[in-house]
Every structure is written in structure tokens, then in C-alpha cells.
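Reproduced below: final_10.cif, with mmCIF, N, CA and C atoms.
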data_entry
loop_
_atom_site.label_atom_id
_atom_site.label_comp_id
_atom_site.auth_asym_id
_atom_site.auth_seq_id
_atom_site.Cartn_x
_atom_site.Cartn_y
_atom_site.Cartn_z
N MET A 1 108.52 -100.71 -91.81
CA MET A 1 109.46 -101.08 -90.77
C MET A 1 109.99 -102.48 -91.09
N THR A 2 111.30 -102.68 -90.94
CA THR A 2 111.89 -103.97 -91.23
C THR A 2 111.66 -104.94 -90.08
N THR A 3 111.85 -106.23 -90.36
CA THR A 3 111.71 -107.25 -89.32
C THR A 3 112.71 -106.98 -88.21
N ARG A 4 113.93 -106.57 -88.56
CA ARG A 4 114.95 -106.27 -87.55
C ARG A 4 114.50 -105.11 -86.67
N GLY A 5 113.89 -104.08 -87.27
CA GLY A 5 113.38 -102.95 -86.50
C GLY A 5 112.23 -103.35 -85.61
N LEU A 6 111.38 -104.24 -86.11
CA LEU A 6 110.26 -104.73 -85.31
C LEU A 6 110.75 -105.54 -84.13
N GLU A 7 111.72 -106.39 -84.38
CA GLU A 7 112.27 -107.21 -83.30
C GLU A 7 112.91 -106.32 -82.24
N ALA A 8 113.66 -105.31 -82.68
CA ALA A 8 114.30 -104.40 -81.73
C ALA A 8 113.24 -103.67 -80.90
N SER A 9 112.19 -103.20 -81.55
CA SER A 9 111.13 -102.48 -80.83
C SER A 9 110.46 -103.37 -79.79
N LEU A 10 110.15 -104.59 -80.16
CA LEU A 10 109.50 -105.48 -79.21
C LEU A 10 110.42 -105.83 -78.05
N LEU A 11 111.69 -106.06 -78.34
CA LEU A 11 112.63 -106.38 -77.27
C LEU A 11 112.82 -105.18 -76.33
N VAL A 12 112.81 -103.98 -76.87
CA VAL A 12 112.90 -102.78 -76.03
C VAL A 12 111.66 -102.67 -75.15
N LEU A 13 110.47 -102.90 -75.73
CA LEU A 13 109.24 -102.87 -74.93
C LEU A 13 109.28 -103.91 -73.82
N THR A 14 109.78 -105.09 -74.14
CA THR A 14 109.87 -106.16 -73.15
C THR A 14 110.84 -105.77 -72.03
N ALA A 15 111.98 -105.20 -72.39
CA ALA A 15 112.95 -104.76 -71.38
C ALA A 15 112.33 -103.70 -70.48
N LEU A 16 111.59 -102.78 -71.07
CA LEU A 16 110.99 -101.70 -70.28
C LEU A 16 109.80 -102.19 -69.44
N SER A 17 109.25 -103.35 -69.78
CA SER A 17 108.16 -103.88 -68.95
C SER A 17 108.67 -104.26 -67.56
N ARG A 18 109.97 -104.37 -67.42
CA ARG A 18 110.60 -104.70 -66.12
C ARG A 18 110.81 -103.45 -65.27
N GLY A 19 110.66 -102.27 -65.87
CA GLY A 19 110.84 -101.02 -65.14
C GLY A 19 111.66 -100.03 -65.95
N SER A 20 111.77 -98.83 -65.42
CA SER A 20 112.49 -97.74 -66.06
C SER A 20 113.95 -98.14 -66.30
N GLN A 21 114.48 -97.78 -67.48
CA GLN A 21 115.86 -98.14 -67.84
C GLN A 21 116.51 -97.03 -68.65
N HIS A 22 117.83 -96.93 -68.56
CA HIS A 22 118.60 -96.07 -69.45
C HIS A 22 119.12 -96.94 -70.60
N GLY A 23 119.72 -96.30 -71.60
CA GLY A 23 120.13 -97.01 -72.81
C GLY A 23 120.96 -98.26 -72.59
N TYR A 24 122.04 -98.14 -71.81
CA TYR A 24 122.89 -99.30 -71.59
C TYR A 24 122.14 -100.40 -70.86
N GLY A 25 121.27 -100.03 -69.91
CA GLY A 25 120.46 -101.02 -69.20
C GLY A 25 119.54 -101.77 -70.14
N ILE A 26 118.96 -101.04 -71.11
CA ILE A 26 118.08 -101.68 -72.10
C ILE A 26 118.89 -102.65 -72.95
N ILE A 27 120.06 -102.23 -73.41
CA ILE A 27 120.92 -103.10 -74.23
C ILE A 27 121.26 -104.37 -73.45
N SER A 28 121.60 -104.24 -72.17
CA SER A 28 121.92 -105.41 -71.35
C SER A 28 120.71 -106.32 -71.17
N ASP A 29 119.54 -105.73 -70.90
CA ASP A 29 118.32 -106.53 -70.73
C ASP A 29 117.95 -107.27 -72.01
N VAL A 30 118.08 -106.60 -73.15
CA VAL A 30 117.75 -107.24 -74.43
C VAL A 30 118.66 -108.44 -74.68
N GLN A 31 119.91 -108.30 -74.37
CA GLN A 31 120.83 -109.42 -74.54
C GLN A 31 120.42 -110.59 -73.65
N GLN A 32 120.03 -110.29 -72.41
CA GLN A 32 119.60 -111.32 -71.47
C GLN A 32 118.28 -111.95 -71.91
N ILE A 33 117.30 -111.12 -72.31
CA ILE A 33 115.99 -111.60 -72.74
C ILE A 33 116.12 -112.55 -73.93
N SER A 34 117.00 -112.21 -74.85
CA SER A 34 117.15 -113.00 -76.07
C SER A 34 118.10 -114.18 -75.90
N GLY A 35 118.57 -114.41 -74.70
CA GLY A 35 119.50 -115.51 -74.47
C GLY A 35 120.83 -115.30 -75.17
N GLY A 36 121.22 -114.04 -75.33
CA GLY A 36 122.49 -113.72 -75.97
C GLY A 36 122.44 -113.69 -77.49
N ARG A 37 121.28 -113.93 -78.07
CA ARG A 37 121.17 -113.96 -79.53
C ARG A 37 121.09 -112.57 -80.16
N VAL A 38 120.69 -111.56 -79.37
CA VAL A 38 120.55 -110.21 -79.91
C VAL A 38 121.37 -109.25 -79.07
N THR A 39 122.26 -108.51 -79.73
CA THR A 39 123.00 -107.43 -79.10
C THR A 39 122.66 -106.17 -79.87
N LEU A 40 121.90 -105.28 -79.25
CA LEU A 40 121.51 -104.05 -79.92
C LEU A 40 122.70 -103.09 -79.99
N ARG A 41 122.87 -102.48 -81.13
CA ARG A 41 123.83 -101.39 -81.26
C ARG A 41 123.12 -100.11 -80.87
N ALA A 42 123.90 -99.11 -80.48
CA ALA A 42 123.32 -97.85 -80.01
C ALA A 42 122.39 -97.24 -81.07
N GLY A 43 122.78 -97.24 -82.32
CA GLY A 43 121.94 -96.67 -83.37
C GLY A 43 120.61 -97.38 -83.51
N THR A 44 120.63 -98.70 -83.43
CA THR A 44 119.40 -99.48 -83.50
C THR A 44 118.52 -99.20 -82.29
N LEU A 45 119.13 -99.14 -81.11
CA LEU A 45 118.38 -98.87 -79.89
C LEU A 45 117.69 -97.52 -79.97
N TYR A 46 118.43 -96.47 -80.31
CA TYR A 46 117.84 -95.13 -80.27
C TYR A 46 116.84 -94.92 -81.40
N THR A 47 117.00 -95.61 -82.51
CA THR A 47 115.97 -95.58 -83.56
C THR A 47 114.68 -96.20 -83.03
N ALA A 48 114.80 -97.35 -82.34
CA ALA A 48 113.63 -98.01 -81.76
C ALA A 48 113.00 -97.14 -80.69
N LEU A 49 113.82 -96.52 -79.83
CA LEU A 49 113.28 -95.65 -78.78
C LEU A 49 112.53 -94.46 -79.39
N ASP A 50 113.09 -93.86 -80.43
CA ASP A 50 112.41 -92.73 -81.09
C ASP A 50 111.09 -93.17 -81.69
N ARG A 51 111.07 -94.34 -82.33
CA ARG A 51 109.84 -94.87 -82.93
C ARG A 51 108.78 -95.13 -81.87
N LEU A 52 109.19 -95.74 -80.76
CA LEU A 52 108.25 -96.07 -79.68
C LEU A 52 107.75 -94.82 -78.97
N ARG A 53 108.60 -93.81 -78.84
CA ARG A 53 108.15 -92.53 -78.25
C ARG A 53 107.15 -91.86 -79.17
N ALA A 54 107.41 -91.85 -80.47
CA ALA A 54 106.49 -91.23 -81.43
C ALA A 54 105.14 -91.94 -81.43
N ALA A 55 105.15 -93.25 -81.17
CA ALA A 55 103.90 -94.03 -81.13
C ALA A 55 103.18 -93.87 -79.80
N GLY A 56 103.80 -93.19 -78.84
CA GLY A 56 103.16 -92.98 -77.54
C GLY A 56 103.23 -94.18 -76.62
N LEU A 57 104.12 -95.14 -76.91
CA LEU A 57 104.22 -96.34 -76.08
C LEU A 57 105.22 -96.20 -74.94
N ILE A 58 106.21 -95.32 -75.12
CA ILE A 58 107.19 -95.08 -74.06
C ILE A 58 107.39 -93.57 -73.89
N GLY A 59 107.96 -93.21 -72.76
CA GLY A 59 108.27 -91.81 -72.50
C GLY A 59 109.54 -91.71 -71.68
N VAL A 60 110.00 -90.49 -71.48
CA VAL A 60 111.18 -90.26 -70.66
C VAL A 60 110.73 -90.25 -69.20
N ASP A 61 111.37 -91.07 -68.40
CA ASP A 61 111.06 -91.15 -66.97
C ASP A 61 111.81 -90.07 -66.21
N ARG A 62 113.11 -89.98 -66.48
CA ARG A 62 113.94 -88.96 -65.81
C ARG A 62 115.26 -88.86 -66.55
N GLU A 63 115.99 -87.80 -66.23
CA GLU A 63 117.32 -87.59 -66.78
C GLU A 63 118.26 -87.25 -65.63
N GLU A 64 119.48 -87.73 -65.72
CA GLU A 64 120.45 -87.45 -64.66
C GLU A 64 121.86 -87.49 -65.23
N VAL A 65 122.79 -86.93 -64.47
CA VAL A 65 124.20 -86.98 -64.83
C VAL A 65 124.89 -87.82 -63.75
N THR A 66 125.56 -88.89 -64.21
CA THR A 66 126.27 -89.80 -63.31
C THR A 66 127.71 -89.89 -63.80
N ASP A 67 128.66 -89.56 -62.93
CA ASP A 67 130.08 -89.58 -63.30
C ASP A 67 130.35 -88.76 -64.57
N GLY A 68 129.66 -87.62 -64.67
CA GLY A 68 129.85 -86.75 -65.82
C GLY A 68 129.16 -87.21 -67.09
N ARG A 69 128.38 -88.29 -67.03
CA ARG A 69 127.70 -88.83 -68.21
C ARG A 69 126.20 -88.62 -68.07
N PHE A 70 125.61 -88.13 -69.14
CA PHE A 70 124.18 -87.89 -69.18
C PHE A 70 123.45 -89.21 -69.40
N ARG A 71 122.42 -89.45 -68.60
CA ARG A 71 121.60 -90.66 -68.76
C ARG A 71 120.14 -90.25 -68.83
N ARG A 72 119.46 -90.78 -69.80
CA ARG A 72 118.02 -90.59 -69.93
C ARG A 72 117.36 -91.94 -69.70
N TYR A 73 116.45 -91.98 -68.77
CA TYR A 73 115.72 -93.20 -68.44
C TYR A 73 114.38 -93.20 -69.14
N TYR A 74 114.01 -94.34 -69.71
CA TYR A 74 112.74 -94.50 -70.42
C TYR A 74 111.82 -95.42 -69.64
N ARG A 75 110.52 -95.25 -69.83
CA ARG A 75 109.52 -96.10 -69.18
C ARG A 75 108.37 -96.33 -70.14
N LEU A 76 107.63 -97.39 -69.87
CA LEU A 76 106.41 -97.65 -70.63
C LEU A 76 105.35 -96.63 -70.22
N ILE A 77 104.53 -96.23 -71.17
CA ILE A 77 103.39 -95.38 -70.88
C ILE A 77 102.18 -96.29 -70.83
N PRO A 78 101.45 -96.29 -69.70
CA PRO A 78 100.27 -97.16 -69.61
C PRO A 78 99.31 -96.87 -70.77
N GLN A 79 98.84 -97.94 -71.37
CA GLN A 79 97.92 -97.83 -72.51
C GLN A 79 96.51 -98.13 -72.05
N PRO A 80 95.53 -97.45 -72.64
CA PRO A 80 94.15 -97.79 -72.29
C PRO A 80 93.86 -99.24 -72.68
N ALA A 81 93.04 -99.87 -71.89
CA ALA A 81 92.69 -101.26 -72.17
C ALA A 81 92.03 -101.37 -73.54
N ILE A 82 92.38 -102.41 -74.26
CA ILE A 82 91.75 -102.66 -75.55
C ILE A 82 90.49 -103.46 -75.28
N PRO A 83 89.33 -102.94 -75.63
CA PRO A 83 88.09 -103.67 -75.36
C PRO A 83 88.14 -105.08 -75.95
N ALA A 84 87.61 -106.02 -75.20
CA ALA A 84 87.59 -107.42 -75.65
C ALA A 84 86.92 -107.54 -77.00
N ALA A 85 85.95 -106.68 -77.27
CA ALA A 85 85.23 -106.75 -78.54
C ALA A 85 86.18 -106.56 -79.73
N ARG A 86 87.28 -105.85 -79.54
CA ARG A 86 88.22 -105.64 -80.65
C ARG A 86 88.94 -106.93 -81.00
N HIS A 87 89.01 -107.88 -80.06
CA HIS A 87 89.71 -109.13 -80.32
C HIS A 87 88.76 -110.23 -80.80
N HIS A 88 87.50 -109.97 -80.79
CA HIS A 88 86.53 -110.93 -81.27
C HIS A 88 85.71 -110.25 -82.35
N LEU A 89 85.65 -110.88 -83.48
CA LEU A 89 85.06 -110.23 -84.64
C LEU A 89 83.56 -110.40 -84.72
N ALA A 90 82.93 -109.36 -85.16
CA ALA A 90 81.49 -109.43 -85.44
C ALA A 90 81.33 -109.98 -86.85
N ALA A 91 80.13 -110.41 -87.16
CA ALA A 91 79.85 -110.90 -88.50
C ALA A 91 79.99 -109.75 -89.49
N GLY A 92 80.35 -110.08 -90.69
CA GLY A 92 80.46 -109.05 -91.72
C GLY A 92 81.89 -108.88 -92.16
N PRO A 93 82.13 -107.87 -92.98
CA PRO A 93 83.49 -107.69 -93.50
C PRO A 93 84.49 -107.34 -92.39
N ASP A 94 85.69 -107.78 -92.57
CA ASP A 94 86.75 -107.53 -91.60
C ASP A 94 87.25 -106.10 -91.74
N LEU A 95 87.53 -105.49 -90.62
CA LEU A 95 88.02 -104.11 -90.62
C LEU A 95 89.53 -104.08 -90.76
N ARG A 96 90.00 -103.08 -91.49
CA ARG A 96 91.45 -102.90 -91.63
C ARG A 96 92.00 -102.28 -90.35
N ILE A 97 93.27 -102.57 -90.09
CA ILE A 97 93.93 -102.05 -88.90
C ILE A 97 95.05 -101.10 -89.31
N GLY A 98 95.53 -100.33 -88.35
CA GLY A 98 96.62 -99.39 -88.60
C GLY A 98 97.80 -99.64 -87.69
N ASP A 99 98.79 -98.77 -87.81
CA ASP A 99 100.02 -98.91 -87.03
C ASP A 99 99.76 -98.87 -85.52
N ALA A 100 98.82 -98.03 -85.09
CA ALA A 100 98.54 -97.94 -83.65
C ALA A 100 98.03 -99.28 -83.12
N ASP A 101 97.20 -99.98 -83.90
CA ASP A 101 96.70 -101.30 -83.50
C ASP A 101 97.85 -102.30 -83.40
N ARG A 102 98.76 -102.24 -84.38
CA ARG A 102 99.90 -103.16 -84.38
C ARG A 102 100.82 -102.90 -83.18
N GLU A 103 101.13 -101.63 -82.93
CA GLU A 103 102.01 -101.27 -81.82
C GLU A 103 101.38 -101.66 -80.47
N ALA A 104 100.08 -101.43 -80.31
CA ALA A 104 99.40 -101.80 -79.06
C ALA A 104 99.44 -103.31 -78.86
N THR A 105 99.22 -104.08 -79.93
CA THR A 105 99.27 -105.53 -79.83
C THR A 105 100.68 -106.00 -79.51
N ALA A 106 101.69 -105.37 -80.11
CA ALA A 106 103.09 -105.72 -79.82
C ALA A 106 103.40 -105.49 -78.34
N ALA A 107 102.89 -104.40 -77.79
CA ALA A 107 103.11 -104.12 -76.36
C ALA A 107 102.45 -105.19 -75.49
N VAL A 108 101.25 -105.62 -75.87
CA VAL A 108 100.55 -106.68 -75.12
C VAL A 108 101.35 -107.98 -75.20
N LEU A 109 101.84 -108.32 -76.39
CA LEU A 109 102.63 -109.54 -76.54
C LEU A 109 103.91 -109.47 -75.70
N GLY A 110 104.55 -108.30 -75.67
CA GLY A 110 105.75 -108.12 -74.86
C GLY A 110 105.47 -108.34 -73.38
N GLU A 111 104.32 -107.88 -72.92
CA GLU A 111 103.94 -108.08 -71.53
C GLU A 111 103.70 -109.56 -71.24
N HIS A 112 103.05 -110.26 -72.15
CA HIS A 112 102.83 -111.71 -71.96
C HIS A 112 104.16 -112.45 -71.95
N PHE A 113 105.11 -112.04 -72.78
CA PHE A 113 106.44 -112.64 -72.77
C PHE A 113 107.11 -112.39 -71.42
N ALA A 114 107.04 -111.14 -70.94
CA ALA A 114 107.66 -110.79 -69.67
C ALA A 114 107.05 -111.59 -68.51
N GLN A 115 105.77 -111.96 -68.64
CA GLN A 115 105.10 -112.73 -67.59
C GLN A 115 105.28 -114.24 -67.78
N GLY A 116 106.05 -114.64 -68.80
CA GLY A 116 106.38 -116.05 -68.99
C GLY A 116 105.34 -116.86 -69.75
N ARG A 117 104.40 -116.21 -70.40
CA ARG A 117 103.37 -116.94 -71.14
C ARG A 117 103.82 -117.32 -72.55
N LEU A 118 104.84 -116.67 -73.05
CA LEU A 118 105.35 -116.94 -74.39
C LEU A 118 106.85 -117.18 -74.32
N THR A 119 107.33 -118.08 -75.17
CA THR A 119 108.78 -118.25 -75.31
C THR A 119 109.29 -117.17 -76.24
N PHE A 120 110.60 -117.01 -76.30
CA PHE A 120 111.19 -116.02 -77.19
C PHE A 120 110.82 -116.31 -78.65
N ALA A 121 110.88 -117.58 -79.05
CA ALA A 121 110.54 -117.94 -80.42
C ALA A 121 109.07 -117.63 -80.73
N GLU A 122 108.17 -117.93 -79.77
CA GLU A 122 106.75 -117.62 -79.96
C GLU A 122 106.53 -116.12 -80.07
N LEU A 123 107.24 -115.38 -79.23
CA LEU A 123 107.13 -113.93 -79.26
C LEU A 123 107.52 -113.38 -80.64
N LEU A 124 108.64 -113.83 -81.17
CA LEU A 124 109.09 -113.35 -82.48
C LEU A 124 108.11 -113.73 -83.59
N ALA A 125 107.58 -114.95 -83.54
CA ALA A 125 106.61 -115.37 -84.56
C ALA A 125 105.34 -114.53 -84.49
N ARG A 126 104.86 -114.28 -83.28
CA ARG A 126 103.64 -113.48 -83.13
C ARG A 126 103.90 -112.02 -83.48
N LEU A 127 105.08 -111.53 -83.17
CA LEU A 127 105.42 -110.17 -83.55
C LEU A 127 105.42 -110.01 -85.07
N ASP A 128 106.00 -110.99 -85.75
CA ASP A 128 106.01 -110.95 -87.21
C ASP A 128 104.59 -110.95 -87.76
N ALA A 129 103.73 -111.80 -87.21
CA ALA A 129 102.33 -111.85 -87.65
C ALA A 129 101.61 -110.53 -87.34
N THR A 130 101.93 -109.94 -86.19
CA THR A 130 101.30 -108.68 -85.80
C THR A 130 101.63 -107.56 -86.77
N PHE A 131 102.90 -107.44 -87.12
CA PHE A 131 103.32 -106.32 -87.96
C PHE A 131 103.08 -106.55 -89.45
N THR A 132 102.65 -107.74 -89.83
CA THR A 132 102.26 -107.97 -91.22
C THR A 132 100.74 -108.04 -91.37
N ALA A 133 100.02 -108.02 -90.25
CA ALA A 133 98.56 -108.07 -90.28
C ALA A 133 97.99 -106.82 -90.95
N THR A 134 96.92 -107.01 -91.70
CA THR A 134 96.26 -105.87 -92.35
C THR A 134 94.80 -105.73 -91.93
N VAL A 135 94.24 -106.83 -91.38
CA VAL A 135 92.84 -106.79 -90.95
C VAL A 135 92.71 -107.31 -89.52
N GLN A 136 91.60 -106.99 -88.91
CA GLN A 136 91.35 -107.30 -87.50
C GLN A 136 91.50 -108.79 -87.18
N SER A 137 91.01 -109.66 -88.03
CA SER A 137 91.08 -111.10 -87.72
C SER A 137 92.52 -111.59 -87.65
N GLU A 138 93.41 -111.03 -88.48
CA GLU A 138 94.81 -111.45 -88.45
C GLU A 138 95.49 -111.02 -87.16
N ILE A 139 95.22 -109.82 -86.70
CA ILE A 139 95.85 -109.34 -85.47
C ILE A 139 95.25 -110.03 -84.25
N ALA A 140 93.95 -110.31 -84.29
CA ALA A 140 93.29 -110.99 -83.17
C ALA A 140 93.86 -112.40 -82.98
N GLU A 141 94.26 -113.02 -84.06
CA GLU A 141 94.81 -114.39 -83.99
C GLU A 141 96.10 -114.43 -83.16
N THR A 142 96.85 -113.34 -83.10
CA THR A 142 98.12 -113.33 -82.37
C THR A 142 97.94 -113.35 -80.86
N THR A 143 96.75 -112.97 -80.37
CA THR A 143 96.50 -112.95 -78.92
C THR A 143 95.32 -113.84 -78.52
N ARG A 144 94.81 -114.61 -79.46
CA ARG A 144 93.61 -115.43 -79.25
C ARG A 144 93.70 -116.33 -78.03
N ASP A 145 94.86 -116.94 -77.77
CA ASP A 145 94.99 -117.92 -76.70
C ASP A 145 95.59 -117.32 -75.41
N LEU A 146 95.66 -115.98 -75.33
CA LEU A 146 96.23 -115.32 -74.16
C LEU A 146 95.14 -114.59 -73.37
N PRO A 147 95.30 -114.56 -72.04
CA PRO A 147 94.29 -113.83 -71.24
C PRO A 147 94.40 -112.33 -71.50
N HIS A 148 93.30 -111.63 -71.28
CA HIS A 148 93.33 -110.18 -71.42
C HIS A 148 94.07 -109.58 -70.23
N LEU A 149 94.87 -108.57 -70.51
CA LEU A 149 95.64 -107.90 -69.44
C LEU A 149 94.84 -106.74 -68.87
#
Write out the structure in this file as C-alpha cells.
Amino acid sequence: MTTRGLEASLLVLTALSRGSQHGYGIISDVQQISGGRVTLRAGTLYTALDRLRAAGLIGVDREEVTDGRFRRYYRLIPQPAIPAARHHLAAGPDLRIGDADREATAAVLGEHFAQGRLTFAELLARLDATFTATVQSEIAETTRDLPHL
């Protein structure tokens, strides 16, 4: 996944942390969240939505027709809590992580951003570290100073 795709995914997760949204609403929220620095194109948005649905992080909330236009609303899917032990390492060799660990951590970071604990720049830096992490200690470092949700 490219950095641009990662950024789009995290911004979509952050927009959806505010509640159920349709495509245009997500695009508007992302522009607002990023302070006008990011304007998602429809292709980028729907690629990110497909990726996040496949990862089990979002789902379809409802579908409706308004003024003859079809709208599909998306929502976050509640994730099981990540045990605190996963963020604190035991002695011994470090365990490798997978895409599910990275996506779950990105969702947690998005929630902390939505709650005002991270700036946009901090969010992007931590997202980059999250999606390049290969072992548990690297991913744990991205949430080390944040409270557990």
C-alpha cells in the first residue's frame, strides 16, 4: 500500500469516527480534518473504502435514494479491544506483525486524533510508522504515550 493510500485510509477512518457518512460527506470531512490540505477524489475514496471493508474495519450502515441519487452510508465496525499485553513486550525475540495489526493500530490512532490527542502532523507521522512496522516493538511505539481506548 502506498503512503497516499495509507493517508487516505486513515483520514477515512477518522471521518467515520464522527459517525455514519456517505461518500460526499466523507470527502467533505477529510478536507476539513486535513485543514484543506487533502481533497480525496472519488476513485481514491472508494479504493480506500473497499480496502477498509475488506479489512473488517468499516461496513455499510444503510443505503437510500435521495433526489434520484443512490447513497451508501458507511460506519466503523467496533473492534475487539487490543489487550494491553500486546502493547508491552515480553522479554525475548520480538514478534512479527501483520496487516490486521497495522490496520487495528491505524484505527486506534484515528480515534485518538478525533479526540484531539494528536495533531494532523503527528497522526501522519505515526501512521507512516505504523504501516512500515514489521515487529511488535515498532508498532507499540506508535501508541506508547496514548491511553488505552
Task: Residue contacts of Ala55 of chain A (9 Å, only C-alpha atoms) excluding same-chain residues fewer than 5 positions away, as a ChimeraX atom specification - done: /A:50,99-100,103
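The closest residue to Ser137 of chain A, picked from A:Arg96, A:Arg117, A:Arg51, A:Arg71 and counting all atoms listed in the file, is A:Arg96.
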- [ ] Extract, using only C-alpha atoms, all DNA, RNA and protein residues at most 12 Å from segment 144-147 of chain A, discarding same-chain residues fewer than 2 positions from it, and format them as a list of chain:residue names.
- [x] A:Ala84, A:Arg86, A:His87, A:His88, A:Leu89, A:Thr105, A:Val108, A:Leu109, A:Gly110, A:Glu111, A:His112, A:Phe113, A:Gln115, A:Gly116, A:Arg117, A:Leu118, A:Arg126, A:Gln136, A:Ser137, A:Glu138, A:Ile139, A:Ala140, A:Glu141, A:Thr142, A:Leu149
TODO: I need the residue set behind the PyMOL selection byres ((chain A and resi 59) around 7) for this file; please write it as a VMD selection string.
DONE: chain A and resid 52 to 53 56 to 58 60 to 62 73 to 77
Now that the selection is made, can you save its residues with N, CA and C atoms as an mmCIF file, in the coordinates of the input?
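Contents of part.cif, freshly written:
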data_model
loop_
_atom_site.group_PDB
_atom_site.id
_atom_site.type_symbol
_atom_site.label_atom_id
_atom_site.label_comp_id
_atom_site.auth_asym_id
_atom_site.auth_seq_id
_atom_site.Cartn_x
_atom_site.Cartn_y
_atom_site.Cartn_z
ATOM 1 N N LEU A 52 109.190 -95.740 -80.760
ATOM 2 C CA LEU A 52 108.250 -96.070 -79.680
ATOM 3 C C LEU A 52 107.750 -94.820 -78.970
ATOM 4 N N ARG A 53 108.600 -93.810 -78.840
ATOM 5 C CA ARG A 53 108.150 -92.530 -78.250
ATOM 6 C C ARG A 53 107.150 -91.860 -79.170
ATOM 7 N N GLY A 56 103.800 -93.190 -78.840
ATOM 8 C CA GLY A 56 103.160 -92.980 -77.540
ATOM 9 C C GLY A 56 103.230 -94.180 -76.620
ATOM 10 N N LEU A 57 104.120 -95.140 -76.910
ATOM 11 C CA LEU A 57 104.220 -96.340 -76.080
ATOM 12 C C LEU A 57 105.220 -96.200 -74.940
ATOM 13 N N ILE A 58 106.210 -95.320 -75.120
ATOM 14 C CA ILE A 58 107.190 -95.080 -74.060
ATOM 15 C C ILE A 58 107.390 -93.570 -73.890
ATOM 16 N N VAL A 60 110.000 -90.490 -71.480
ATOM 17 C CA VAL A 60 111.180 -90.260 -70.660
ATOM 18 C C VAL A 60 110.730 -90.250 -69.200
ATOM 19 N N ASP A 61 111.370 -91.070 -68.400
ATOM 20 C CA ASP A 61 111.060 -91.150 -66.970
ATOM 21 C C ASP A 61 111.810 -90.070 -66.210
ATOM 22 N N ARG A 62 113.110 -89.980 -66.480
ATOM 23 C CA ARG A 62 113.940 -88.960 -65.810
ATOM 24 C C ARG A 62 115.260 -88.860 -66.550
ATOM 25 N N TYR A 73 116.450 -91.980 -68.770
ATOM 26 C CA TYR A 73 115.720 -93.200 -68.440
ATOM 27 C C TYR A 73 114.380 -93.200 -69.140
ATOM 28 N N TYR A 74 114.010 -94.340 -69.710
ATOM 29 C CA TYR A 74 112.740 -94.500 -70.420
ATOM 30 C C TYR A 74 111.820 -95.420 -69.640
ATOM 31 N N ARG A 75 110.520 -95.250 -69.830
ATOM 32 C CA ARG A 75 109.520 -96.100 -69.180
ATOM 33 C C ARG A 75 108.370 -96.330 -70.140
ATOM 34 N N LEU A 76 107.630 -97.390 -69.870
ATOM 35 C CA LEU A 76 106.410 -97.650 -70.630
ATOM 36 C C LEU A 76 105.350 -96.630 -70.220
ATOM 37 N N ILE A 77 104.530 -96.230 -71.170
ATOM 38 C CA ILE A 77 103.390 -95.380 -70.880
ATOM 39 C C ILE A 77 102.180 -96.290 -70.830
#
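Each of A:Thr134, A:Phe70, A:Leu49, A:Ala114 was compared to Ala8 of chain A using only N, CA and C atoms, and A:Leu49 turns out to be the nearest.
When atom CA of Ser9 of chain A is paired with atom CA of Thr132 of chain A, their separation reads 14.7 Å.
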Open item on the list: One decimal, in Å: what's the spacing between atom N of Ala106 of chain A and atom C of Phe131 of chain A?
Closed with: 9.5 Å
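The smallest atom-to-atom distance between Asp101 of chain A and any of A:Thr14, A:Thr119, A:Gln32, A:Thr130, using only C-alpha atoms, is found for A:Thr130.
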Task: Pairwise distance for atom N of Gly36 of chain A and atom CA of Phe120 of chain A, rounded to one decimal in Å - done: 10.4 Å
Task: alpha helix (DSSP H) residues, from DSSP on the backbone, in segment 32-138 of chain A, as a PyMOL selection string - done: chain A and resi 32-33+42-54+99-114+120-132+136-138
TODO: Counting all atoms listed in the file, figure out which residue out of A:Ala42, A:Leu124, A:Ile97, A:Leu11 gets nearest to Val30 of chain A.
DONE: A:Leu11
